[in-house]
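So the structure is just underneath, and the comments pick up after that.
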Amino acid sequence: MSPRSVISSARRLVVKVGSSSLTGVDGGLDHARLVALANALARKHLQGTQIVLVSSGAIAAGIHPLGLATRPRDLATQQAAASVGQGALLAAYTLAFAGHDITVGQVLLTADDVTRRTHYANARRTLERLLDLGVLPIVNENDTVATSEIRFGDNDRLAALVAHLIDADALVLLSDVDALYDGPPSRPGAQRIPIVRGPHDLVDVEIGGTGSKVGTGGMTTKIEAARIATAAGVITSVTAADRVAQVLAGEDVGTVFLPIGVRGRSRRLWLQHATTARGRLVIDDGAVAALVHRKKSLLPAGITAVEGSFHDGDPVDVCSPDGTPVARGLVNYDSNELPALLGRSTKDLAHDLGPAYEREVIHRDDLVIL
C-alpha cells in the first residue's frame with residue numbers, strides 16, 4: 001500500500017487546521033473557508049472514518065468582537081480573545097457539520113491536563129467515547145487558562161500528540177502552504193518534497209517561519225509535529241487547507257512523512273514533548289546508570305543538586321553531573337523539601353521523618369529518558 005493510500009484508507013484520522021486557513025484578509029473568521037473544510041471532513045466521516053479535528057482559530061475569532069485590529073501579543077488579552085472566540089468558532093463548526101447530520105463535541109486541553117497519569121487517561125477515554133458515539137471531536141488548546149509555562153505552544157504539536165493519544169492511523173496538518181519545499185516556496189526553482197523518509201531527507205532543506213498575522217505556527221512547527229507523530233508510528237501529511245479533499249482521497253499533493261517508530265500508546269511521549277521543565281535535578285553517575293540502563297526510579301540518594309522552583313507533580317529535567325538532561329519526569333516533592341533529603345536512602349528518611357518519605361523522587365512510570 002502506498003503512503004498516500006494509507007492516509008486515504010485510514011480508519012482513524014487526526015486533522016489539524018491553522019488560524020491562517022480559517023481567517024480572511026481582515027483577520028476575522030472566514031465562514032466560507034470553515035464550511036469548505038467541514039464539507040470535506042464530513043464526506044470522509046460519512047464514509048466510516050473516525051476523525052478528530054484539531055482546530056486553531058479561537059483567538060482569531062475573538063479579534064473582531066473585541067474591537068482589536070490585530071492578534072494581541074500579551075497573554076491576558078489573548079486569553080480574553082480566546083474566551084470570546086471559542087464559542088463563535090464552535091458555533092460555526094456545529095452549524096457547518098449539522099448540515100451533514102454530524103454532531104461535534106468540544107475538547108479543550110492544556111499540557112498540564114494530560115501529563116499527569118489520571119488526566120492523560122481521562123483525555124484518552126473521553127476522545128475514545130466520543131468517537132465510539134459517532135461524534136466528531138474538535139480539539140483546541142485551552143487558551144483561556146493556559147499560561148506560558150503550561151502551553152503546548154502551537155496546535156501542530158498538540159495534533160501530533162492527540163494522534164498518538166488515540167492511536168490514529170494518520171495525521172494531516174493543514175496550513176496556507178501546499179507542501180514542504182527544498183527552499184522558500186517563493187524562490188524561483190524551489191522544488192516540492194513529496195516524501196520525507198527520515199531526518200536525513202531534511203538536512204539540506206531551508207525551513208522558514210510563519211508569515212501569518214494570526215497564526216503561531218509555520219513550517220518549522222509542522223516538521224517538529226511530524227517528527228513527534230512519525231516517531232510514534234503515525235504517517236503524517238502536510239498540505240494546504242484547500243487541498244484537504246485531495247489528500248484525503250490519496251492524491252499526490254503535499255508532503256508525506258513516513259513513520260520511523262512503532263505505534264502504541266505511551267504517556268511518556270507526552271512527558272517528553274508536551275511539558276516544559278520547571279526545574280532541574282542534578283544526579284551522580286550511579287543514578288544516571290540506574291535510570292538510563294536499569295530503568296529504575298529516581299531516589300534521593302542519587303541527587304546532588306536541586307535547581308529552580310517547582311511543586312509536587314511538576315515536570316523537571318534530570319541532568320547528569322555535567323548538566324546534560326538525560327530524563328524528564330514528574331517530581332513527588334516541592335523544590336524546598338528536597339535539599340534536606342539529598343544523598344539519603346528512602347529507608348533512612350522513613351525512619352527519621354516518617355513513612356511518607358519512603359517514596360521515589362520520580363517514579364519510573366512518570367519518567368521518560370531523553
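Convention: chains lettered A, B, ... in C-alpha cells order; per-chain residue numbering from 1; ligands numbered from 1 as shown.
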Quick one: residues within 12 Å of stretch 287-292 of chain A, only C-alpha atoms, excluding same-chain residues fewer than 2 positions away - as a short mmCIF file (atom, residue, chain, number, x, y, z; two decimals) with N, CA and C atoms, in the first residue's frame?
```cif
data_model
loop_
_atom_site.label_atom_id
_atom_site.label_comp_id
_atom_site.auth_asym_id
_atom_site.auth_seq_id
_atom_site.Cartn_x
_atom_site.Cartn_y
_atom_site.Cartn_z
N LEU A 281 17.11 18.60 38.36
CA LEU A 281 17.75 17.79 39.39
C LEU A 281 19.04 17.25 38.80
N VAL A 282 20.16 17.54 39.45
CA VAL A 282 21.45 17.02 39.01
C VAL A 282 21.72 15.74 39.79
N ILE A 283 22.11 14.67 39.08
CA ILE A 283 22.31 13.37 39.72
C ILE A 283 23.72 12.87 39.46
N ASP A 284 24.17 11.90 40.28
CA ASP A 284 25.52 11.36 40.11
C ASP A 284 25.52 10.27 39.03
N ASP A 285 26.71 9.80 38.70
CA ASP A 285 26.86 8.83 37.61
C ASP A 285 26.13 7.52 37.91
N ARG A 294 19.16 0.71 33.74
CA ARG A 294 18.43 -0.28 34.53
C ARG A 294 16.95 0.08 34.72
N LYS A 295 16.52 1.20 34.12
CA LYS A 295 15.11 1.60 34.12
C LYS A 295 14.52 1.71 35.52
N LYS A 296 15.29 2.30 36.43
CA LYS A 296 14.85 2.46 37.82
C LYS A 296 14.21 3.82 38.05
N SER A 297 13.54 3.95 39.20
CA SER A 297 13.01 5.24 39.63
C SER A 297 14.15 6.08 40.19
N LEU A 298 13.91 7.38 40.31
CA LEU A 298 14.92 8.28 40.88
C LEU A 298 14.70 8.41 42.38
N LEU A 299 15.74 8.12 43.15
CA LEU A 299 15.68 8.18 44.61
C LEU A 299 16.52 9.36 45.12
N PRO A 300 16.27 9.82 46.36
CA PRO A 300 17.03 10.97 46.89
C PRO A 300 18.53 10.72 46.96
N ALA A 301 18.93 9.47 47.16
CA ALA A 301 20.35 9.16 47.35
C ALA A 301 21.20 9.54 46.15
N GLY A 302 20.61 9.54 44.95
CA GLY A 302 21.41 9.81 43.76
C GLY A 302 21.43 11.26 43.33
N ILE A 303 20.72 12.14 44.04
CA ILE A 303 20.62 13.55 43.63
C ILE A 303 21.68 14.37 44.35
N THR A 304 22.39 15.20 43.56
CA THR A 304 23.45 16.03 44.15
C THR A 304 23.08 17.51 44.22
N VAL A 318 16.06 15.92 34.57
CA VAL A 318 17.05 15.20 35.38
C VAL A 318 18.35 15.22 34.59
N CYS A 319 19.42 15.74 35.19
CA CYS A 319 20.66 16.01 34.47
C CYS A 319 21.83 15.22 35.02
N SER A 320 22.74 14.87 34.13
CA SER A 320 23.97 14.19 34.51
C SER A 320 24.88 15.18 35.23
N PRO A 321 26.00 14.73 35.80
CA PRO A 321 26.89 15.64 36.53
C PRO A 321 27.39 16.83 35.71
N ASP A 322 27.48 16.69 34.37
CA ASP A 322 27.94 17.81 33.55
C ASP A 322 26.79 18.73 33.11
N GLY A 323 25.58 18.47 33.60
CA GLY A 323 24.44 19.33 33.31
C GLY A 323 23.62 18.93 32.11
N THR A 324 23.95 17.83 31.44
CA THR A 324 23.21 17.38 30.27
C THR A 324 21.91 16.69 30.69
N PRO A 325 20.75 17.14 30.19
CA PRO A 325 19.49 16.46 30.53
C PRO A 325 19.48 15.02 30.00
N VAL A 326 19.18 14.08 30.87
CA VAL A 326 19.10 12.67 30.47
C VAL A 326 17.69 12.13 30.59
N ALA A 327 16.83 12.84 31.32
CA ALA A 327 15.46 12.37 31.52
C ALA A 327 14.58 13.55 31.92
N ARG A 328 13.27 13.34 31.81
CA ARG A 328 12.28 14.31 32.31
C ARG A 328 11.21 13.53 33.04
N GLY A 329 10.74 14.09 34.15
CA GLY A 329 9.72 13.38 34.91
C GLY A 329 8.92 14.30 35.80
N GLY A 343 21.11 12.60 48.99
CA GLY A 343 22.15 11.68 49.41
C GLY A 343 21.72 10.65 50.43
N ILE A 362 11.11 10.65 41.73
CA ILE A 362 10.34 10.50 40.49
C ILE A 362 10.14 9.01 40.24
N HIS A 363 8.88 8.59 40.17
CA HIS A 363 8.58 7.18 39.91
C HIS A 363 8.87 6.85 38.45
N ARG A 364 9.28 5.63 38.21
CA ARG A 364 9.62 5.21 36.86
C ARG A 364 8.47 5.42 35.87
N ASP A 365 7.24 5.26 36.32
CA ASP A 365 6.09 5.46 35.43
C ASP A 365 5.92 6.92 35.01
N ASP A 366 6.53 7.82 35.76
CA ASP A 366 6.43 9.25 35.48
C ASP A 366 7.74 9.81 34.93
N LEU A 367 8.54 8.94 34.30
CA LEU A 367 9.88 9.33 33.86
C LEU A 367 10.09 8.90 32.41
N VAL A 368 10.64 9.80 31.60
CA VAL A 368 10.99 9.46 30.22
C VAL A 368 12.47 9.78 30.01
N ILE A 369 13.17 8.83 29.40
CA ILE A 369 14.58 9.04 29.08
C ILE A 369 14.67 9.85 27.79
N LEU A 370 15.49 10.88 27.79
CA LEU A 370 15.60 11.78 26.64
C LEU A 370 16.63 11.27 25.64
#
```
Tell me, which residues of stretch 90-237 of chain A carry DSSP alpha helix (DSSP H), written as an NGL selection string?
-> :A and (90-98 or 117-132 or 155-165 or 219-231)
Using DSSP on the backbone coordinates, identify all residues within stretch 118-321 of chain A classified as strand (DSSP E or B); present the result as a VMD selection string.
-> chain A and resid 136 to 141 170 to 175 181 192 195 to 196 235 to 240 255 to 257 279 to 283 298 303 to 308 315 to 319
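Every protein or nucleic acid residue with an atom no more than 9 Å from A:Leu89, counting only C-alpha atoms and leaving out same-chain residues fewer than 4 positions away, appears here: A:Leu29, A:Gly57, A:Ala58, A:Ala61, A:Gly62, A:Gly85, A:Tyr93, A:Thr94.
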Exercise: A:His100 partners within 12 Å, only C-alpha atoms, chain neighbours under 6 positions left out, as a PyMOL selection string = chain A and resi 35+38-46+93-94+136
Could you write those residues out with all heavy atoms, as a JSON list (two decimals), in the first residue's frame?
```
[["chain", "number", "residue", "atom", "x", "y", "z"],
["A", 35, "VAL", "N", -16.60, 26.31, 6.28],
["A", 35, "VAL", "CA", -17.62, 25.41, 5.73],
["A", 35, "VAL", "C", -17.00, 24.47, 4.70],
["A", 35, "VAL", "O", -17.34, 23.28, 4.64],
["A", 35, "VAL", "CB", -18.78, 26.22, 5.12],
["A", 35, "VAL", "CG1", -19.70, 25.31, 4.31],
["A", 35, "VAL", "CG2", -19.56, 26.93, 6.22],
["A", 38, "ALA", "N", -15.26, 21.79, 6.61],
["A", 38, "ALA", "CA", -16.25, 20.90, 7.23],
["A", 38, "ALA", "C", -16.88, 19.96, 6.20],
["A", 38, "ALA", "O", -17.09, 18.78, 6.47],
["A", 38, "ALA", "CB", -17.33, 21.72, 7.93],
["A", 39, "ASN", "N", -17.16, 20.48, 5.01],
["A", 39, "ASN", "CA", -17.75, 19.64, 3.97],
["A", 39, "ASN", "C", -16.82, 18.49, 3.58],
["A", 39, "ASN", "O", -17.26, 17.35, 3.40],
["A", 39, "ASN", "CB", -18.09, 20.49, 2.74],
["A", 39, "ASN", "CG", -19.25, 21.43, 2.97],
["A", 39, "ASN", "OD1", -20.03, 21.25, 3.90],
["A", 39, "ASN", "ND2", -19.39, 22.43, 2.11],
["A", 40, "ALA", "N", -15.53, 18.79, 3.43],
["A", 40, "ALA", "CA", -14.57, 17.76, 3.05],
["A", 40, "ALA", "C", -14.44, 16.70, 4.14],
["A", 40, "ALA", "O", -14.40, 15.50, 3.86],
["A", 40, "ALA", "CB", -13.22, 18.40, 2.75],
["A", 41, "LEU", "N", -14.36, 17.14, 5.40],
["A", 41, "LEU", "CA", -14.24, 16.19, 6.50],
["A", 41, "LEU", "C", -15.53, 15.39, 6.68],
["A", 41, "LEU", "O", -15.48, 14.21, 7.03],
["A", 41, "LEU", "CB", -13.89, 16.93, 7.79],
["A", 41, "LEU", "CG", -12.55, 17.68, 7.81],
["A", 41, "LEU", "CD1", -12.30, 18.29, 9.18],
["A", 41, "LEU", "CD2", -11.40, 16.76, 7.42],
["A", 42, "ALA", "N", -16.67, 16.04, 6.45],
["A", 42, "ALA", "CA", -17.95, 15.34, 6.60],
["A", 42, "ALA", "C", -18.06, 14.18, 5.61],
["A", 42, "ALA", "O", -18.53, 13.09, 5.96],
["A", 42, "ALA", "CB", -19.10, 16.32, 6.40],
["A", 43, "ARG", "N", -17.62, 14.41, 4.38],
["A", 43, "ARG", "CA", -17.68, 13.33, 3.38],
["A", 43, "ARG", "C", -16.85, 12.13, 3.83],
["A", 43, "ARG", "O", -17.28, 10.99, 3.69],
["A", 43, "ARG", "CB", -17.18, 13.85, 2.02],
["A", 43, "ARG", "CG", -18.17, 14.76, 1.31],
["A", 43, "ARG", "CD", -17.78, 15.00, -0.13],
["A", 43, "ARG", "NE", -16.55, 15.79, -0.24],
["A", 43, "ARG", "CZ", -16.52, 17.11, -0.27],
["A", 43, "ARG", "NH1", -17.64, 17.81, -0.20],
["A", 43, "ARG", "NH2", -15.38, 17.75, -0.40],
["A", 44, "LYS", "N", -15.67, 12.40, 4.38],
["A", 44, "LYS", "CA", -14.82, 11.31, 4.86],
["A", 44, "LYS", "C", -15.44, 10.62, 6.07],
["A", 44, "LYS", "O", -15.41, 9.39, 6.20],
["A", 44, "LYS", "CB", -13.43, 11.86, 5.21],
["A", 44, "LYS", "CG", -12.35, 10.81, 5.32],
["A", 44, "LYS", "CD", -12.04, 10.21, 3.97],
["A", 44, "LYS", "CE", -10.91, 9.20, 4.06],
["A", 44, "LYS", "NZ", -10.68, 8.51, 2.78],
["A", 45, "HIS", "N", -15.99, 11.42, 6.97],
["A", 45, "HIS", "CA", -16.64, 10.88, 8.17],
["A", 45, "HIS", "C", -17.80, 9.96, 7.79],
["A", 45, "HIS", "O", -17.97, 8.88, 8.36],
["A", 45, "HIS", "CB", -17.14, 12.04, 9.03],
["A", 45, "HIS", "CG", -17.92, 11.63, 10.24],
["A", 45, "HIS", "ND1", -17.34, 11.41, 11.48],
["A", 45, "HIS", "CD2", -19.25, 11.38, 10.41],
["A", 45, "HIS", "CE1", -18.28, 11.06, 12.34],
["A", 45, "HIS", "NE2", -19.45, 11.04, 11.72],
["A", 46, "LEU", "N", -18.59, 10.38, 6.82],
["A", 46, "LEU", "CA", -19.76, 9.60, 6.42],
["A", 46, "LEU", "C", -19.38, 8.33, 5.67],
["A", 46, "LEU", "O", -20.21, 7.44, 5.50],
["A", 46, "LEU", "CB", -20.68, 10.47, 5.57],
["A", 46, "LEU", "CG", -21.33, 11.65, 6.31],
["A", 46, "LEU", "CD1", -22.09, 12.55, 5.34],
["A", 46, "LEU", "CD2", -22.26, 11.15, 7.42],
["A", 93, "TYR", "N", -18.63, 25.67, 13.58],
["A", 93, "TYR", "CA", -18.42, 24.26, 13.25],
["A", 93, "TYR", "C", -19.71, 23.45, 13.47],
["A", 93, "TYR", "O", -20.05, 22.58, 12.66],
["A", 93, "TYR", "CB", -17.30, 23.67, 14.10],
["A", 93, "TYR", "CG", -15.92, 23.89, 13.56],
["A", 93, "TYR", "CD1", -14.94, 24.49, 14.36],
["A", 93, "TYR", "CD2", -15.58, 23.49, 12.28],
["A", 93, "TYR", "CE1", -13.65, 24.68, 13.87],
["A", 93, "TYR", "CE2", -14.30, 23.69, 11.78],
["A", 93, "TYR", "CZ", -13.33, 24.28, 12.59],
["A", 93, "TYR", "OH", -12.06, 24.48, 12.11],
["A", 94, "THR", "N", -20.41, 23.72, 14.55],
["A", 94, "THR", "CA", -21.65, 22.99, 14.85],
["A", 94, "THR", "C", -22.64, 23.15, 13.72],
["A", 94, "THR", "O", -23.27, 22.18, 13.27],
["A", 94, "THR", "CB", -22.26, 23.50, 16.17],
["A", 94, "THR", "OG1", -21.34, 23.28, 17.25],
["A", 94, "THR", "CG2", -23.56, 22.78, 16.48],
["A", 136, "LEU", "N", -17.81, 13.89, 16.09],
["A", 136, "LEU", "CA", -16.55, 14.39, 15.56],
["A", 136, "LEU", "C", -15.98, 15.39, 16.57],
["A", 136, "LEU", "O", -16.47, 16.51, 16.67],
["A", 136, "LEU", "CB", -16.78, 15.07, 14.20],
["A", 136, "LEU", "CG", -15.54, 15.33, 13.35],
["A", 136, "LEU", "CD1", -15.87, 15.33, 11.86],
["A", 136, "LEU", "CD2", -14.86, 16.65, 13.73]]
```
Write out as a ChimeraX atom specification the residues lying within 12 Å of A:Ala36, counting only C-alpha atoms and excluding same-chain residues fewer than 3 positions away.
-> /A:21-22,30-33,39-43,92-93,96-97,241-245
Between A:Leu161, A:Val306, A:Ile59, A:Leu37, which is the closest to A:Ser19 once you count only C-alpha atoms?
->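 Comparing A:Leu161, A:Val306, A:Ile59, A:Leu37 against A:Ser19, the winner is A:Ile59.
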Please identify all polymer residues within 12 Å of A:Ala232, counting only C-alpha atoms, omitting same-chain residues fewer than 5 positions from it, and present them as a list of chain:residue names.
->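 With the cut-off at 12 Å, the set is A:Ala160, A:Leu161, A:Val162, A:Ala163, A:His164, A:Leu165, A:Ile166, A:Asp167, A:Ala168, A:Asp169, A:Ala170, A:Leu171, A:Ala225, A:Ala226, A:Arg227, A:Leu258, A:Pro259, A:Ile260, A:Gly261, A:Val262, A:Arg263, A:Gly264, A:Arg265, A:Ser266, A:Arg267, A:Arg268, A:Leu269, A:Trp270, A:His273.
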Selection to disk with N, CA, C and O atoms, as a short mmCIF file (atom, residue, chain, number, x, y, z; two decimals), in the first residue's frame:
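Contents of out_4.cif, as written:
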```cif
data_model
loop_
_atom_site.label_atom_id
_atom_site.label_comp_id
_atom_site.auth_asym_id
_atom_site.auth_seq_id
_atom_site.Cartn_x
_atom_site.Cartn_y
_atom_site.Cartn_z
N ALA A 160 -0.15 16.31 16.87
CA ALA A 160 0.70 15.12 16.84
C ALA A 160 0.52 14.29 18.10
O ALA A 160 0.47 13.05 18.06
N LEU A 161 0.40 14.96 19.24
CA LEU A 161 0.21 14.25 20.50
C LEU A 161 -1.17 13.61 20.59
O LEU A 161 -1.32 12.51 21.13
N VAL A 162 -2.18 14.28 20.04
CA VAL A 162 -3.53 13.70 20.02
C VAL A 162 -3.56 12.47 19.12
O VAL A 162 -4.18 11.46 19.45
N ALA A 163 -2.86 12.54 17.98
CA ALA A 163 -2.79 11.38 17.08
C ALA A 163 -2.18 10.19 17.81
O ALA A 163 -2.63 9.05 17.65
N HIS A 164 -1.18 10.46 18.60
CA HIS A 164 -0.56 9.40 19.41
C HIS A 164 -1.50 8.93 20.51
O HIS A 164 -1.64 7.73 20.76
N LEU A 165 -2.17 9.87 21.16
CA LEU A 165 -3.07 9.56 22.28
C LEU A 165 -4.17 8.60 21.88
O LEU A 165 -4.49 7.66 22.62
N ILE A 166 -4.76 8.80 20.70
CA ILE A 166 -5.90 7.97 20.28
C ILE A 166 -5.48 6.87 19.32
O ILE A 166 -6.33 6.18 18.75
N ASP A 167 -4.16 6.70 19.12
CA ASP A 167 -3.65 5.65 18.24
C ASP A 167 -4.21 5.81 16.83
O ASP A 167 -4.72 4.86 16.22
N ALA A 168 -4.11 7.02 16.29
CA ALA A 168 -4.61 7.31 14.94
C ALA A 168 -3.76 6.62 13.89
O ALA A 168 -2.58 6.35 14.10
N ASP A 169 -4.36 6.37 12.74
CA ASP A 169 -3.63 5.79 11.62
C ASP A 169 -2.83 6.84 10.87
O ASP A 169 -1.81 6.52 10.25
N ALA A 170 -3.31 8.08 10.87
CA ALA A 170 -2.63 9.13 10.11
C ALA A 170 -2.94 10.50 10.71
O ALA A 170 -3.94 10.68 11.40
N LEU A 171 -2.05 11.44 10.41
CA LEU A 171 -2.19 12.84 10.83
C LEU A 171 -2.07 13.72 9.60
O LEU A 171 -1.14 13.55 8.79
N ALA A 225 6.13 18.64 14.54
CA ALA A 225 4.95 17.82 14.80
C ALA A 225 5.04 16.50 14.04
O ALA A 225 4.70 15.44 14.58
N ALA A 226 5.50 16.56 12.80
CA ALA A 226 5.67 15.33 12.02
C ALA A 226 6.70 14.42 12.66
O ALA A 226 6.54 13.19 12.66
N ARG A 227 7.74 15.01 13.22
CA ARG A 227 8.76 14.20 13.90
C ARG A 227 8.17 13.47 15.11
O ARG A 227 8.45 12.29 15.33
N LEU A 258 7.02 9.63 6.41
CA LEU A 258 6.82 8.22 6.70
C LEU A 258 7.13 7.92 8.16
O LEU A 258 8.03 8.52 8.76
N PRO A 259 6.42 6.96 8.76
CA PRO A 259 6.68 6.58 10.16
C PRO A 259 8.08 6.02 10.33
O PRO A 259 8.58 5.28 9.46
N ILE A 260 8.72 6.38 11.44
CA ILE A 260 10.03 5.82 11.76
C ILE A 260 10.00 5.08 13.10
O ILE A 260 10.99 4.48 13.49
N GLY A 261 8.87 5.14 13.79
CA GLY A 261 8.73 4.46 15.07
C GLY A 261 7.61 3.44 15.01
O GLY A 261 7.01 3.20 13.96
N VAL A 262 7.31 2.86 16.15
CA VAL A 262 6.28 1.83 16.26
C VAL A 262 5.07 2.41 16.96
O VAL A 262 5.19 3.12 17.96
N ARG A 263 3.88 2.14 16.40
CA ARG A 263 2.65 2.63 17.02
C ARG A 263 2.41 1.93 18.35
O ARG A 263 2.80 0.79 18.58
N GLY A 264 1.72 2.64 19.23
CA GLY A 264 1.42 2.11 20.55
C GLY A 264 1.41 3.25 21.55
O GLY A 264 2.33 4.06 21.56
N ARG A 265 0.40 3.33 22.36
CA ARG A 265 0.26 4.48 23.26
C ARG A 265 1.22 4.38 24.43
O ARG A 265 1.38 3.33 25.04
N SER A 266 1.85 5.48 24.72
CA SER A 266 2.70 5.59 25.89
C SER A 266 2.65 7.02 26.38
O SER A 266 2.89 7.96 25.62
N ARG A 267 2.31 7.19 27.64
CA ARG A 267 2.22 8.52 28.20
C ARG A 267 3.57 9.23 28.21
O ARG A 267 3.66 10.45 28.28
N ARG A 268 4.66 8.46 28.12
CA ARG A 268 5.99 9.07 28.18
C ARG A 268 6.24 10.01 27.00
O ARG A 268 7.02 10.95 27.12
N LEU A 269 5.59 9.75 25.86
CA LEU A 269 5.75 10.67 24.74
C LEU A 269 5.21 12.04 25.10
O LEU A 269 5.77 13.07 24.72
N TRP A 270 4.11 12.09 25.86
CA TRP A 270 3.56 13.36 26.31
C TRP A 270 4.51 14.04 27.29
O TRP A 270 4.71 15.25 27.23
N HIS A 273 7.32 15.61 25.11
CA HIS A 273 7.03 16.64 24.11
C HIS A 273 5.99 17.66 24.53
O HIS A 273 5.88 18.72 23.90
#
```
At what distance in Å, to one decimal, does atom CA of A:Gly67 lie from atom CA of A:Ala81?
->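 According to the coordinates, atom CA of A:Ala81 and atom CA of A:Gly67 are separated by 10.0 Å.
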Give me the residues within 7 Å of stretch 26-28 of chain A as a list in words, counting only C-alpha atoms and dropping any in the same chain fewer than 2 places off.
-> Thr23, Gly24, Asp30, Ala60, Ala61, Ile63, His64 and Val214 of chain A
Rounded to one decimal place, report the atom CA of A:Pro315-atom CA of A:Tyr333 distance in Å.
->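 If I compute the distance from atom CA of A:Pro315 to atom CA of A:Tyr333, I get 11.0 Å.
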Have a look at A:Pro3, A:Gly313, A:Pro65, A:Gly254 and name the one nearest to A:Asp178; count only C-alpha atoms.
->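 Distance minimum relative to A:Asp178 lands on A:Gly254.
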From the list A:Leu202, A:Val25, A:Tyr357, A:Val14, which residue is nearest A:Leu341 when using only C-alpha atoms?
->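 So, comparing all the options, the nearest one is A:Tyr357.
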